[in-house]
Amino acid sequence: MEKYLDKNLPAKERAADLLSQMTLDEKIAQVAGVFAVPGREEEMKRFLRHGIGQVSTLEFRNCESMEEAAQWQRTLQELIMESSEHHIPAVFHMEGLCGAFIQDMTAFPSGVNRGSAFDPELEQRIGEIVSRQEAAFGITQVLAPVLDISRDSRMGRQSEPYGEDPALAAALGTAFTKGIQNTETAGRHPESVAKHFLGFHNSQGGIHGANVDAGDRLLSEIYGKPFQAAIRDARLRGVMPCYCSISGLPIHASKQYLTELLRTEMGFDGVVVSDYSAVENVHQVQHVGESKGEAGLRCMKAGMDVELPMPVCYSGEMKEYFEEGKEDTAVLDQAVLRVLEAKFRMGLFENPYALTGEELKKTVHHDGDDEVSRQAAQESLVLLKNNGALPLTGEEKTIAVIGPHAGNARYYFGGYTHLSMVEAVHAAANSMAGVGAGGDTAGIQMERVPGTNVQVDETDEFHEVLKKLHPQCRNLVEVLKAKLPETKILYAAGYPKAGVDTSGFEEALALVREADAVILTLGGKNGSGSVATMGEGVDAADINLPACQDTFIREAKKYGKPLIGVHFDGRPISSDTADELLDAILEAWTPAVFGAEAVVNVLTGDDNPSGKLPLTVARSAGQIPICYNHPNGSAWHQGASIGFQDYVDMSHTPRYSFGHGLSYTTFLYEDLVLEKKQVNPAEDLKLSLTVQNTGNVSGTEVVQLYLRDEKASMTRPVKELQGFARVELAPGEKKKVVFTVSPSQTAFLDEDMRWKIEKGEIKVQAGSSSEDIRLEDAFEISQDLWIEGRERRFYADVRQEDAKDGI
């Protein structure tokens with residue numbers, strides 16, 4: 001038996017043996033992918049003469065059933081293995097942020113929802129479900145988690161990351177990666193591909209894929225932290241770079257970032273795969289390289305292992321460089337070796353095919369899967385404002401529900417959900433990079449929302465998408481009627497998802513006049529293509545509510561009824577009118593299948609909201625970038641000696657602060673105790689506090705721990721989140737929360753770009769948000785210590801203990 005076929009040997013040894021037997025053609029095939037389309041298998045064969053490295057499974061979104069998807073995977077894998085001289089199976093990859101793009105899979109809320117939950121344990125369970133369900137179909141590479149840091153609400157993809165904080169993203173992303181990679185299914189071991197390395201959401205103008213102006217210190221300390229955490233603490237096996245250029249080069253072609261930073265400094269030893277068409281973009285869009293082959297070679301030499309979704313630059317011309325001796329084949333061999341090693345780690349040579357029949361069904365669907373999605377939706381809701389309008393009293397005889405989101409559950413699914421990907425198939429124009437023409441819709445016949453370039457999607461064609469994919473999913477009106485059978489629920493759309501159209505006002509205001517309370521669903525449409533107001537490639541200069549919605553709020557306020565706003569979108573609600581006139585505001589984001597149930601639970605008081613904002617909310621795009629952990633002397637801490645404390649036309653302070661989120665109860669913070677007041681840079685510090693529910697209903701408080709370097713050799717942030725805990729408390733109950741902090745969490749890059757734990761005073765702050773600090777103390781680091789960046793700790797360990805005292 002050939003060594004590479006011996007499953008008892010290490011993956012690295014098997015990969016080296018197989019590589020030594022491969023021809024140049026076979027090697028070139030392994031560093032490219034193919035975009036599979038049902039019915040076009042014969043056309044695909046011209047790319048499969050010697051096998052292929054990967055298969056894009058995006059078009060699984062259109063399969064009518066699980067069995068159809070499984071059979072198609074088996075057909076494709078068999079075709080690929082037969083065409084390969086050594087019968088090398090392909091890696092099938094699929095997005096995984098919100099679940100698989102396959103019929104009847106579990107769908108999850110968006111990344112920003114799960115950031116709002118501050119719940120790593122839940123995130124790991126989500127990763128486990130995604131891993132199991134995709135692996136059942138032979139998919140072993142999951143394109144998630146999204147470890148971007150989001151500081152710009154203009155960017156259409158703000159719903160995908162966990163938020164703006166690197167420690168929060170590190171904790172949640174590491175947990176998700178563990179869930180994906182620690183779950184074995186049918187002999188397969190899926191691997192995560194974290195994206196988008198590096199600084200993607202720092203693009204100029206908030207424009208998808210634009211140039212990134214960011215120094216190496218910002219990139220490493222903030223944008224790189226979640227990647228470093230997942231690499232060190234979860235052994236992350238895959239990375240996808242972003243489309244942007246940084247420091248004069250597309251990152252797909254940057255040896256500085258893909259090799260020196262990612263592999264040498266961070267210790268990454270897995271596979272780097274391209275974003276779709278990003279290698280081709282190096283030549284075609286960013287105009288680097290005299291030819292496609294030269295651009296491809298530059299990317300490969302930089303550390304880019306696999307070109308997706310099709311072999312455009314990693315093809316014939318590149319092959320000639322190696323064939324003619326113009327380039328050392330060691331460059332190619334290195335990439336191929338990484339690909340092969342991954343395939344052996346994944347168990348693909350022994351288990352290349354999707355499950356079928358009853359085995360498939362039993363593997364995919366486990367009791368409790370839906371409950372995890374339901375829990376994620378419930379924990380993610382953030383109560384931003386409440387003057388007593390919530391929870392509803394139960395005495396309301398008539399409730400008016402206004403807004404398109406209330407009557408259409410498609411608004412509850414964000415970008416990179418199965419639903420949004422199927423919607424994109426029916427949209428007049430595509431906005432996803434690398435999967436076909438998109439962009440300018442000029443000349444395309446479509447009905448537009450008045451005053452916008454957004455497509456009207458209140459049609460049977462789009463409604464059928466929801467019925468097919470999630471027939472059990474109910475909208476807000478349906479859930480309210482079921483939950484409150486004695487209450488008269490009135491509904492009108494009232495206004496569209498964008499623009500200035502007021503033609504529906506009269507009907508909706510008539511309902512407002514009749515009602516005892518009014519629920520206004522607000523926001524746009526987070527999704528894909530021309531039907532969306534935000535999503536991939538759907539960016540915006542205006543981050544506020546549509547003008548029609550602000551206008552309706554002002555009109556509805558005239559009738560003196562309690563106005564409750566529920567916001568569905570991928571960016572946070574930002575509206576002067578809503579702040580001033582609404583009695584309560586609930587941020588729901590895009591909570592997926594169980595979104596309406598979760599919202600109604602909060603409205604009625606059956607659930608006490610516990611979500612916290614995972615990002616800072618700007619008052620307008622003019623404040624961007626705005627984040628709580630800005631450097632000293634910046635933003636609303638720029639200092640009394642420098643100019644005015646505000647803009648001439650608005651405050652410097654944010655609309656809502658990072659970590660903000662209200663509850664139906666109150667919490668008392670007490671007894672912050674530090675184990676010691678001085679530590680050496682290599683020893684841990686335990687600190688504890690107690691939190692007590694001082695209200696009359698049960699609630700969950702997200703306790704947030706911040707550290708601040710009081711004086712340093714470099715300009716440091718005003719504060720940084722370094723730990724957090726979800727604490728569930730009955731009325732009167734008190735618990736002790738114990739954090740274990742490492743001084744390495746305060747490490748930063750010094751003037752010589754070395755990671756330094758610096759001696760000096762560190763302030764400890766604990767509270768309910770970044771601006772609602774309840775307790776403070778300080779400790780001192782006794783001396784300086786320089787360390788490797790990968791040796792840092794990225795967030796505090798935490799445990800909870802019962803406390804004896806109660807009210």
# chains A, B, ... in the order shown; residues from 1 in each chain; ligands from 1

$ residues_around --residues "segment 627-639 of chain A" --least-positions-apart "3" --cutoff "6 Å" --atoms "only C-alpha atoms" --output "list in words"
Thr616, Ile642, His652, Thr653, Arg716, Pro717, Val718, Lys719 and Glu720 of chain A

$ residues_around --residues "Gly760 of chain A" --least-positions-apart "5" --cutoff "7 Å" --atoms "only C-alpha atoms" --output "list of chain:residue names"
A:Glu780, A:Ile781, A:Ser782

$ atom_distance --atom1 "atom CA of Leu147 of chain A" --atom2 "atom CA of Gly296 of chain A"
25.6 Å

$ select_by_dssp --residues "segment 53-143 of chain A" --states "strand (DSSP E or B)" --output "list in words"
Gln54, Val55, Ser56, Val91, Phe92, His93, Met94, Glu95, Leu97, Gly99, Ile139, Thr140, Gln141, Val142 and Leu143 of chain A

$ write_last_selection --atoms "N, CA, C and O atoms" --output "compact mmCIF listing (two decimals), in the first residue's frame"
# COMPACT_ATOMS: atom_id res chain seq x y z
N GLN A 54 -10.63 22.30 -5.02
CA GLN A 54 -11.84 22.63 -4.26
C GLN A 54 -13.04 22.76 -5.18
O GLN A 54 -12.90 22.99 -6.38
N VAL A 55 -14.22 22.67 -4.56
CA VAL A 55 -15.48 22.87 -5.27
C VAL A 55 -16.30 23.89 -4.50
O VAL A 55 -16.53 23.75 -3.29
N SER A 56 -16.77 24.92 -5.22
CA SER A 56 -17.70 25.88 -4.63
C SER A 56 -19.09 25.25 -4.59
O SER A 56 -19.59 24.76 -5.60
N VAL A 91 -11.89 19.25 -1.85
CA VAL A 91 -12.52 19.88 -0.70
C VAL A 91 -13.77 20.61 -1.19
O VAL A 91 -13.69 21.43 -2.11
N PHE A 92 -14.90 20.29 -0.61
CA PHE A 92 -16.12 21.05 -0.88
C PHE A 92 -16.26 22.11 0.21
O PHE A 92 -16.24 21.78 1.40
N HIS A 93 -16.35 23.36 -0.20
CA HIS A 93 -16.46 24.44 0.80
C HIS A 93 -17.82 25.12 0.72
O HIS A 93 -18.45 25.14 -0.34
N MET A 94 -18.25 25.67 1.85
CA MET A 94 -19.53 26.36 1.92
C MET A 94 -19.47 27.43 3.00
O MET A 94 -18.75 27.28 3.99
N GLU A 95 -20.21 28.51 2.80
CA GLU A 95 -20.35 29.51 3.84
C GLU A 95 -20.96 28.87 5.08
O GLU A 95 -21.70 27.89 4.99
N LEU A 97 -21.52 31.15 8.23
CA LEU A 97 -21.81 32.17 9.23
C LEU A 97 -23.18 31.98 9.87
O LEU A 97 -23.32 32.02 11.09
N GLY A 99 -25.33 29.29 8.93
CA GLY A 99 -25.81 27.96 8.61
C GLY A 99 -25.58 27.62 7.15
O GLY A 99 -25.15 28.45 6.35
N ILE A 139 -19.07 18.37 3.00
CA ILE A 139 -18.45 19.70 3.03
C ILE A 139 -17.50 19.76 4.21
O ILE A 139 -17.92 19.57 5.37
N THR A 140 -16.23 20.03 3.96
CA THR A 140 -15.24 19.97 5.03
C THR A 140 -14.49 21.29 5.22
O THR A 140 -13.55 21.36 6.01
N GLN A 141 -14.88 22.30 4.51
CA GLN A 141 -14.28 23.62 4.73
C GLN A 141 -15.41 24.63 4.89
O GLN A 141 -16.19 24.85 3.96
N VAL A 142 -15.49 25.22 6.08
CA VAL A 142 -16.57 26.15 6.42
C VAL A 142 -16.01 27.57 6.38
O VAL A 142 -15.10 27.91 7.15
N LEU A 143 -16.56 28.39 5.49
CA LEU A 143 -16.04 29.75 5.33
C LEU A 143 -16.62 30.65 6.41
O LEU A 143 -17.47 31.51 6.18

$ residues_around --residues "Gly293 of chain A" --least-positions-apart "6" --cutoff "6 Å" --atoms "only C-alpha atoms" --output "ChimeraX atom specification"
/A:313,317-318

$ write_last_selection --atoms "N, CA, C and O atoms" --output "PDB file, in the first residue's frame"
ATOM      1  N   CYS A 313      -5.930  32.674 -12.758  1.00  0.00           N
ATOM      2  CA  CYS A 313      -4.507  33.019 -12.702  1.00  0.00           C
ATOM      3  C   CYS A 313      -3.631  31.820 -12.350  1.00  0.00           C
ATOM      4  O   CYS A 313      -2.481  31.746 -12.761  1.00  0.00           O
ATOM      5  N   GLU A 317      -0.679  29.781 -17.887  1.00  0.00           N
ATOM      6  CA  GLU A 317       0.511  30.634 -17.914  1.00  0.00           C
ATOM      7  C   GLU A 317       1.394  30.377 -16.703  1.00  0.00           C
ATOM      8  O   GLU A 317       2.628  30.325 -16.827  1.00  0.00           O
ATOM      9  N   MET A 318       0.756  30.209 -15.532  1.00  0.00           N
ATOM     10  CA  MET A 318       1.548  29.919 -14.336  1.00  0.00           C
ATOM     11  C   MET A 318       2.279  28.593 -14.495  1.00  0.00           C
ATOM     12  O   MET A 318       3.458  28.462 -14.110  1.00  0.00           O
TER      13      MET A 318
END

$ residues_around --residues "Ala377 of chain A" --least-positions-apart "2" --cutoff "6 Å" --atoms "only C-alpha atoms" --output "JSON, numbers by chain"
{"A": [374, 375, 379, 380, 591, 595]}

$ write_last_selection --atoms "N, CA, C and O atoms" --output "PDB file, in the first residue's frame"
ATOM      1  N   ARG A 374     -33.070  29.583  18.380  1.00  0.00           N
ATOM      2  CA  ARG A 374     -34.042  30.378  19.142  1.00  0.00           C
ATOM      3  C   ARG A 374     -33.344  31.129  20.280  1.00  0.00           C
ATOM      4  O   ARG A 374     -33.620  32.314  20.527  1.00  0.00           O
ATOM      5  N   GLN A 375     -32.436  30.454  20.968  1.00  0.00           N
ATOM      6  CA  GLN A 375     -31.702  31.095  22.061  1.00  0.00           C
ATOM      7  C   GLN A 375     -30.849  32.249  21.543  1.00  0.00           C
ATOM      8  O   GLN A 375     -30.780  33.318  22.170  1.00  0.00           O
ATOM      9  N   GLU A 379     -31.270  36.044  22.953  1.00  0.00           N
ATOM     10  CA  GLU A 379     -30.189  36.710  23.681  1.00  0.00           C
ATOM     11  C   GLU A 379     -29.664  37.940  22.959  1.00  0.00           C
ATOM     12  O   GLU A 379     -29.025  38.801  23.576  1.00  0.00           O
ATOM     13  N   SER A 380     -29.927  38.042  21.663  1.00  0.00           N
ATOM     14  CA  SER A 380     -29.309  39.111  20.869  1.00  0.00           C
ATOM     15  C   SER A 380     -30.100  40.413  20.870  1.00  0.00           C
ATOM     16  O   SER A 380     -29.600  41.433  20.404  1.00  0.00           O
ATOM     17  N   PRO A 591     -32.616  38.459  13.129  1.00  0.00           N
ATOM     18  CA  PRO A 591     -32.568  37.351  14.091  1.00  0.00           C
ATOM     19  C   PRO A 591     -32.976  35.986  13.558  1.00  0.00           C
ATOM     20  O   PRO A 591     -33.073  35.029  14.324  1.00  0.00           O
ATOM     21  N   GLY A 595     -37.027  35.023  15.008  1.00  0.00           N
ATOM     22  CA  GLY A 595     -36.925  36.436  15.337  1.00  0.00           C
ATOM     23  C   GLY A 595     -38.217  37.037  15.855  1.00  0.00           C
ATOM     24  O   GLY A 595     -38.222  37.767  16.853  1.00  0.00           O
TER      25      GLY A 595
END

$ residues_around --residues "Arg726 of chain A" --least-positions-apart "6" --cutoff "9 Å" --atoms "only C-alpha atoms" --output "list in words"
Ala117, Phe118, Asp119, Ser610, Thr700, Glu701, Val702 and Val703 of chain A

$ write_last_selection --atoms "all heavy atoms" --output "short mmCIF file (atom, residue, chain, number, x, y, z; two decimals), in the first residue's frame"
data_model
loop_
_atom_site.label_atom_id
_atom_site.label_comp_id
_atom_site.auth_asym_id
_atom_site.auth_seq_id
_atom_site.Cartn_x
_atom_site.Cartn_y
_atom_site.Cartn_z
N ALA A 117 -25.12 39.02 21.94
CA ALA A 117 -25.42 38.05 22.99
C ALA A 117 -24.26 37.88 23.98
O ALA A 117 -24.47 37.40 25.10
CB ALA A 117 -25.78 36.70 22.37
N PHE A 118 -23.04 38.20 23.58
CA PHE A 118 -21.87 38.06 24.46
C PHE A 118 -21.83 36.65 25.08
O PHE A 118 -21.65 36.50 26.28
CB PHE A 118 -21.90 39.11 25.58
CG PHE A 118 -21.46 40.50 25.17
CD1 PHE A 118 -22.26 41.27 24.35
CD2 PHE A 118 -20.26 41.02 25.61
CE1 PHE A 118 -21.87 42.56 23.97
CE2 PHE A 118 -19.85 42.30 25.24
CZ PHE A 118 -20.67 43.08 24.42
N ASP A 119 -21.97 35.61 24.26
CA ASP A 119 -22.14 34.26 24.78
C ASP A 119 -21.25 33.26 24.02
O ASP A 119 -21.70 32.60 23.08
CB ASP A 119 -23.61 33.85 24.67
CG ASP A 119 -23.94 32.60 25.48
OD1 ASP A 119 -23.02 31.84 25.79
OD2 ASP A 119 -25.13 32.39 25.78
N SER A 610 -31.56 40.96 27.29
CA SER A 610 -30.22 40.88 27.89
C SER A 610 -29.12 41.24 26.91
O SER A 610 -27.94 41.21 27.28
CB SER A 610 -29.97 39.48 28.44
OG SER A 610 -30.03 38.51 27.40
N THR A 700 -30.85 38.83 33.13
CA THR A 700 -29.46 38.46 32.85
C THR A 700 -28.66 39.73 32.59
O THR A 700 -29.02 40.52 31.71
CB THR A 700 -29.36 37.52 31.64
OG1 THR A 700 -30.05 36.31 31.93
CG2 THR A 700 -27.90 37.21 31.31
N GLU A 701 -27.61 39.92 33.36
CA GLU A 701 -26.73 41.07 33.16
C GLU A 701 -25.44 40.61 32.52
O GLU A 701 -24.86 39.59 32.91
CB GLU A 701 -26.42 41.75 34.50
CG GLU A 701 -25.36 42.83 34.45
CD GLU A 701 -25.78 44.12 33.73
OE1 GLU A 701 -26.65 44.03 32.83
OE2 GLU A 701 -25.26 45.19 34.06
N VAL A 702 -24.98 41.34 31.49
CA VAL A 702 -23.67 41.09 30.90
C VAL A 702 -22.68 42.01 31.61
O VAL A 702 -22.62 43.21 31.37
CB VAL A 702 -23.67 41.36 29.38
CG1 VAL A 702 -22.26 41.15 28.82
CG2 VAL A 702 -24.65 40.43 28.68
N VAL A 703 -21.92 41.42 32.55
CA VAL A 703 -20.92 42.16 33.30
C VAL A 703 -19.70 42.36 32.41
O VAL A 703 -19.17 41.40 31.83
CB VAL A 703 -20.53 41.40 34.58
CG1 VAL A 703 -19.42 42.13 35.32
CG2 VAL A 703 -21.75 41.23 35.48
#

$ closest_residue --among "A:Gly407, A:Pro190, A:Pro311, A:Gly723" --to "Ser277 of chain A" --atoms "only C-alpha atoms"
A:Pro311

$ residues_around --residues "Leu785 of chain A" --least-positions-apart "6" --cutoff "9 Å" --atoms "only C-alpha atoms" --output "ChimeraX atom specification"
/A:681-682,755-759

$ residues_around --residues "Val382 of chain A" --least-positions-apart "2" --cutoff "8 Å" --atoms "only C-alpha atoms" --output "VMD selection string"
chain A and resid 116 380 384 586 to 588 609 to 613 661 to 662

$ closest_residue --among "A:Ala541, A:Ala194, A:Ile762, A:Leu476" --to "His405 of chain A" --atoms "only C-alpha atoms"
A:Leu476

$ select_by_dssp --residues "segment 407-581 of chain A" --states "helix (DSSP H, G or I)" --output "PyMOL selection string"
chain A and resi 409-412+418-426+460-469+476-483+505-514+529-531+547-557+576-581

$ closest_residue --among "A:Asn453, A:Asn544, A:Ser744, A:Ser768" --to "Ile787 of chain A" --atoms "only C-alpha atoms"
A:Ser744

$ atom_distance --atom1 "atom CA of Phe101 of chain A" --atom2 "atom CA of Ala69 of chain A"
10.0 Å

$ atom_distance --atom1 "atom CA of Val518 of chain A" --atom2 "atom CA of Ile553 of chain A"
10.5 Å

$ closest_residue --among "A:Tyr223, A:Met81, A:Glu358, A:Gly51" --to "Ala136 of chain A" --atoms "only C-alpha atoms"
A:Glu358

$ closest_residue --among "A:Tyr243, A:Tyr412, A:Tyr257, A:Tyr276" --to "Ala598 of chain A" --atoms "only C-alpha atoms"
A:Tyr412
